[in-house]
Amino acid sequence: MTSITIIGAGNIAAGVARIGLDAGAQVQVLARDAEKAAALGSGASFTSGVVGDEITGELVVLALPYPAVPEVLAQYAGRLDGKVLVDPTNPVDFATFDSLVVPADSSAAAQIAALAPTATVVKAFNTNFASTLASGKVADQSTTVLVAGDDNDAKATLVDLVRAGGLKGIDAGSLKRARELEALGFVQMTLAGSGATQWTTGFTLAD
């Protein structure tokens with residue numbers, strides 16, 4: 001079974017950790033706060049530590065605010081060769097809550113790929129609110145995780161993990177589609193932020 005390292009200890013990190021543990025994967029959580037990292041799991045298949053520790057996972061989920069990603073990637077420079085970096089970020093301009101902070105012809109995932117050229121980047125989890133990852137449900141449907149990337153094997157590994165964790169995993173195409181996934185994530189955030197929807201709702205594909 002795939003091994004996964006999650007960098008971060010927030011709500012998205014907690015949701016992805018649950019998916020990994022339910023899937024039977026080896027899960028490592030690294031965070032600035034060791035206690036928060038340790039709180040996200042238990043058992044023989046779970047380990048935790050602090051950012052800077054060696055990464056043990058084949059998949060590395062950057063469960064961080066987008067502005068924090070470059071610093072973490074710099075800290076792990078030379079140690080990400082061959083890793084699959086999973087980008088769940090939504091690069092929203094939180095000062096205005098009215099735009100994305102990446103160029104119109106790019107995406108957070110593309111920017112991350114440029115910063116970590118020896119790793120393989122896939123976009124996933126950004127269209128999911130944390131509560132729907134934790135519960136595995138949107139209303140009476142299983143939560144759908146859309147995965148975009150240029151490496152089919154990397155995408156298949158993540159999709160298989162998501163499905164083994166009890167959710168729906170869908171290949172959403174090449175890494176170019178990350179721009180559209182980030183736009184979809186942004187729209188969901190603005191709807192929830194305005195009260196039109198709830199932070200406990202989310203995106204899924206009905207059976």
# chains A, B, ... in the order shown; residues from 1 in each chain; ligands from 1
$ residues_around --residues "stretch 139-148 of chain A" --least-positions-apart "5" --cutoff "6 Å" --atoms "only C-alpha atoms" --output "list in words"
Val122, Lys123, Ala124, Phe125, Leu167, Lys168, Gly169, Ile170, Asp171, Ala172, Gly173, Ser174, Leu175 and Thr204 of chain A
$ write_last_selection --atoms "N, CA, C and O atoms" --output "PDB file, in the first residue's frame"
ATOM      1  N   VAL A 122       0.881  16.714  -8.589  1.00  0.00           N
ATOM      2  CA  VAL A 122      -0.521  16.503  -8.954  1.00  0.00           C
ATOM      3  C   VAL A 122      -1.380  17.435  -8.113  1.00  0.00           C
ATOM      4  O   VAL A 122      -1.015  17.782  -6.980  1.00  0.00           O
ATOM      5  N   LYS A 123      -2.485  17.849  -8.688  1.00  0.00           N
ATOM      6  CA  LYS A 123      -3.444  18.704  -7.983  1.00  0.00           C
ATOM      7  C   LYS A 123      -4.572  17.838  -7.464  1.00  0.00           C
ATOM      8  O   LYS A 123      -5.138  17.030  -8.206  1.00  0.00           O
ATOM      9  N   ALA A 124      -4.914  17.982  -6.188  1.00  0.00           N
ATOM     10  CA  ALA A 124      -6.012  17.203  -5.621  1.00  0.00           C
ATOM     11  C   ALA A 124      -6.438  17.816  -4.295  1.00  0.00           C
ATOM     12  O   ALA A 124      -5.669  18.540  -3.657  1.00  0.00           O
ATOM     13  N   PHE A 125      -7.660  17.544  -3.884  1.00  0.00           N
ATOM     14  CA  PHE A 125      -8.251  17.925  -2.607  1.00  0.00           C
ATOM     15  C   PHE A 125      -8.620  19.395  -2.511  1.00  0.00           C
ATOM     16  O   PHE A 125      -9.245  19.792  -1.527  1.00  0.00           O
ATOM     17  N   LEU A 167     -13.668   7.172  -0.586  1.00  0.00           N
ATOM     18  CA  LEU A 167     -14.179   8.295  -1.360  1.00  0.00           C
ATOM     19  C   LEU A 167     -14.115   7.973  -2.841  1.00  0.00           C
ATOM     20  O   LEU A 167     -13.552   6.952  -3.243  1.00  0.00           O
ATOM     21  N   LYS A 168     -14.675   8.845  -3.654  1.00  0.00           N
ATOM     22  CA  LYS A 168     -14.566   8.708  -5.100  1.00  0.00           C
ATOM     23  C   LYS A 168     -13.317   9.454  -5.562  1.00  0.00           C
ATOM     24  O   LYS A 168     -13.085  10.594  -5.169  1.00  0.00           O
ATOM     25  N   GLY A 169     -12.525   8.827  -6.407  1.00  0.00           N
ATOM     26  CA  GLY A 169     -11.368   9.478  -6.998  1.00  0.00           C
ATOM     27  C   GLY A 169     -11.531   9.515  -8.494  1.00  0.00           C
ATOM     28  O   GLY A 169     -11.829   8.492  -9.113  1.00  0.00           O
ATOM     29  N   ILE A 170     -11.361  10.687  -9.085  1.00  0.00           N
ATOM     30  CA  ILE A 170     -11.577  10.874 -10.525  1.00  0.00           C
ATOM     31  C   ILE A 170     -10.360  11.547 -11.150  1.00  0.00           C
ATOM     32  O   ILE A 170      -9.876  12.574 -10.645  1.00  0.00           O
ATOM     33  N   ASP A 171      -9.848  10.984 -12.238  1.00  0.00           N
ATOM     34  CA  ASP A 171      -8.784  11.609 -13.022  1.00  0.00           C
ATOM     35  C   ASP A 171      -9.377  12.777 -13.786  1.00  0.00           C
ATOM     36  O   ASP A 171     -10.247  12.595 -14.641  1.00  0.00           O
ATOM     37  N   ALA A 172      -8.913  13.992 -13.474  1.00  0.00           N
ATOM     38  CA  ALA A 172      -9.467  15.200 -14.088  1.00  0.00           C
ATOM     39  C   ALA A 172      -8.616  15.724 -15.231  1.00  0.00           C
ATOM     40  O   ALA A 172      -8.854  16.833 -15.724  1.00  0.00           O
ATOM     41  N   GLY A 173      -7.615  14.953 -15.668  1.00  0.00           N
ATOM     42  CA  GLY A 173      -6.829  15.376 -16.813  1.00  0.00           C
ATOM     43  C   GLY A 173      -5.435  15.831 -16.444  1.00  0.00           C
ATOM     44  O   GLY A 173      -4.908  15.515 -15.374  1.00  0.00           O
ATOM     45  N   SER A 174      -4.837  16.590 -17.352  1.00  0.00           N
ATOM     46  CA  SER A 174      -3.440  17.011 -17.206  1.00  0.00           C
ATOM     47  C   SER A 174      -3.297  18.095 -16.144  1.00  0.00           C
ATOM     48  O   SER A 174      -4.287  18.642 -15.636  1.00  0.00           O
ATOM     49  N   LEU A 175      -2.051  18.429 -15.820  1.00  0.00           N
ATOM     50  CA  LEU A 175      -1.805  19.456 -14.817  1.00  0.00           C
ATOM     51  C   LEU A 175      -2.339  20.817 -15.251  1.00  0.00           C
ATOM     52  O   LEU A 175      -2.599  21.677 -14.405  1.00  0.00           O
ATOM     53  N   THR A 204     -19.400  16.940  -5.463  1.00  0.00           N
ATOM     54  CA  THR A 204     -19.331  15.511  -5.697  1.00  0.00           C
ATOM     55  C   THR A 204     -19.956  15.200  -7.049  1.00  0.00           C
ATOM     56  O   THR A 204     -20.628  16.054  -7.642  1.00  0.00           O
TER      57      THR A 204
END
$ residues_around --residues "stretch 94-103 of chain A" --least-positions-apart "4" --cutoff "9 Å" --atoms "only C-alpha atoms" --output "list in words"
Asn90, Ser107, Ala108, Gln111, Glu182, Ala183, Phe186 and Thr190 of chain A
$ closest_residue --among "A:Thr118, A:Ser194, A:Thr56, A:Gln28" --to "A:Gly43" --atoms "only C-alpha atoms"
A:Gln28
$ residues_around --residues "A:Leu133" --least-positions-apart "2" --cutoff "7 Å" --atoms "only C-alpha atoms" --output "list in words"
Gly15, Val16, Asn128, Phe129, Ala130, Ser131, Ser135, Gly136 and Thr143 of chain A
$ select_by_dssp --residues "chain A" --states "strand (DSSP E)" --output "PyMOL selection string"
chain A and resi 3-7+26-31+46-50+59-62+84-87+120-123+137-138+141-142+144-149+168-171
$ residues_around --residues "A:Asn126" --least-positions-apart "6" --cutoff "6 Å" --atoms "only C-alpha atoms" --output "compact mmCIF listing (two decimals) with C-alpha atoms, in the first residue's frame"
# COMPACT_ATOMS: atom_id res chain seq x y z
CA PRO A 88 -4.39 20.93 -2.31
CA THR A 89 -3.91 24.70 -2.14
CA GLY A 185 -12.32 25.70 -5.41
$ atom_distance --atom1 "atom CA of A:Val72" --atom2 "atom CA of A:Glu58"
17.1 Å
$ atom_distance --atom1 "atom CA of A:Tyr76" --atom2 "atom CA of A:Arg179"
25.2 Å
$ closest_residue --among "A:Lys36, A:Arg18, A:Lys155, A:Lys137" --to "A:Val84" --atoms "only C-alpha atoms"
A:Lys155
$ atom_distance --atom1 "atom CA of A:Leu85" --atom2 "atom CA of A:Asp53"
16.3 Å
$ residues_around --residues "A:Glu71" --least-positions-apart "4" --cutoff "12 Å" --atoms "only C-alpha atoms" --output "ChimeraX atom specification"
/A:51-52,62,64-67,75-77,112,115-116
$ select_by_dssp --residues "stretch 15-198 of chain A" --states "helix (DSSP H, G or I)" --output "PyMOL selection string"
chain A and resi 15-22+34-38+66-75+108-115+130-135+152-164+175-194
$ residues_around --residues "A:Ala113" --least-positions-apart "6" --cutoff "12 Å" --atoms "only C-alpha atoms" --output "ChimeraX atom specification"
/A:69-70,73,80,83-87,106-107,119-123,149-150,175-176,178
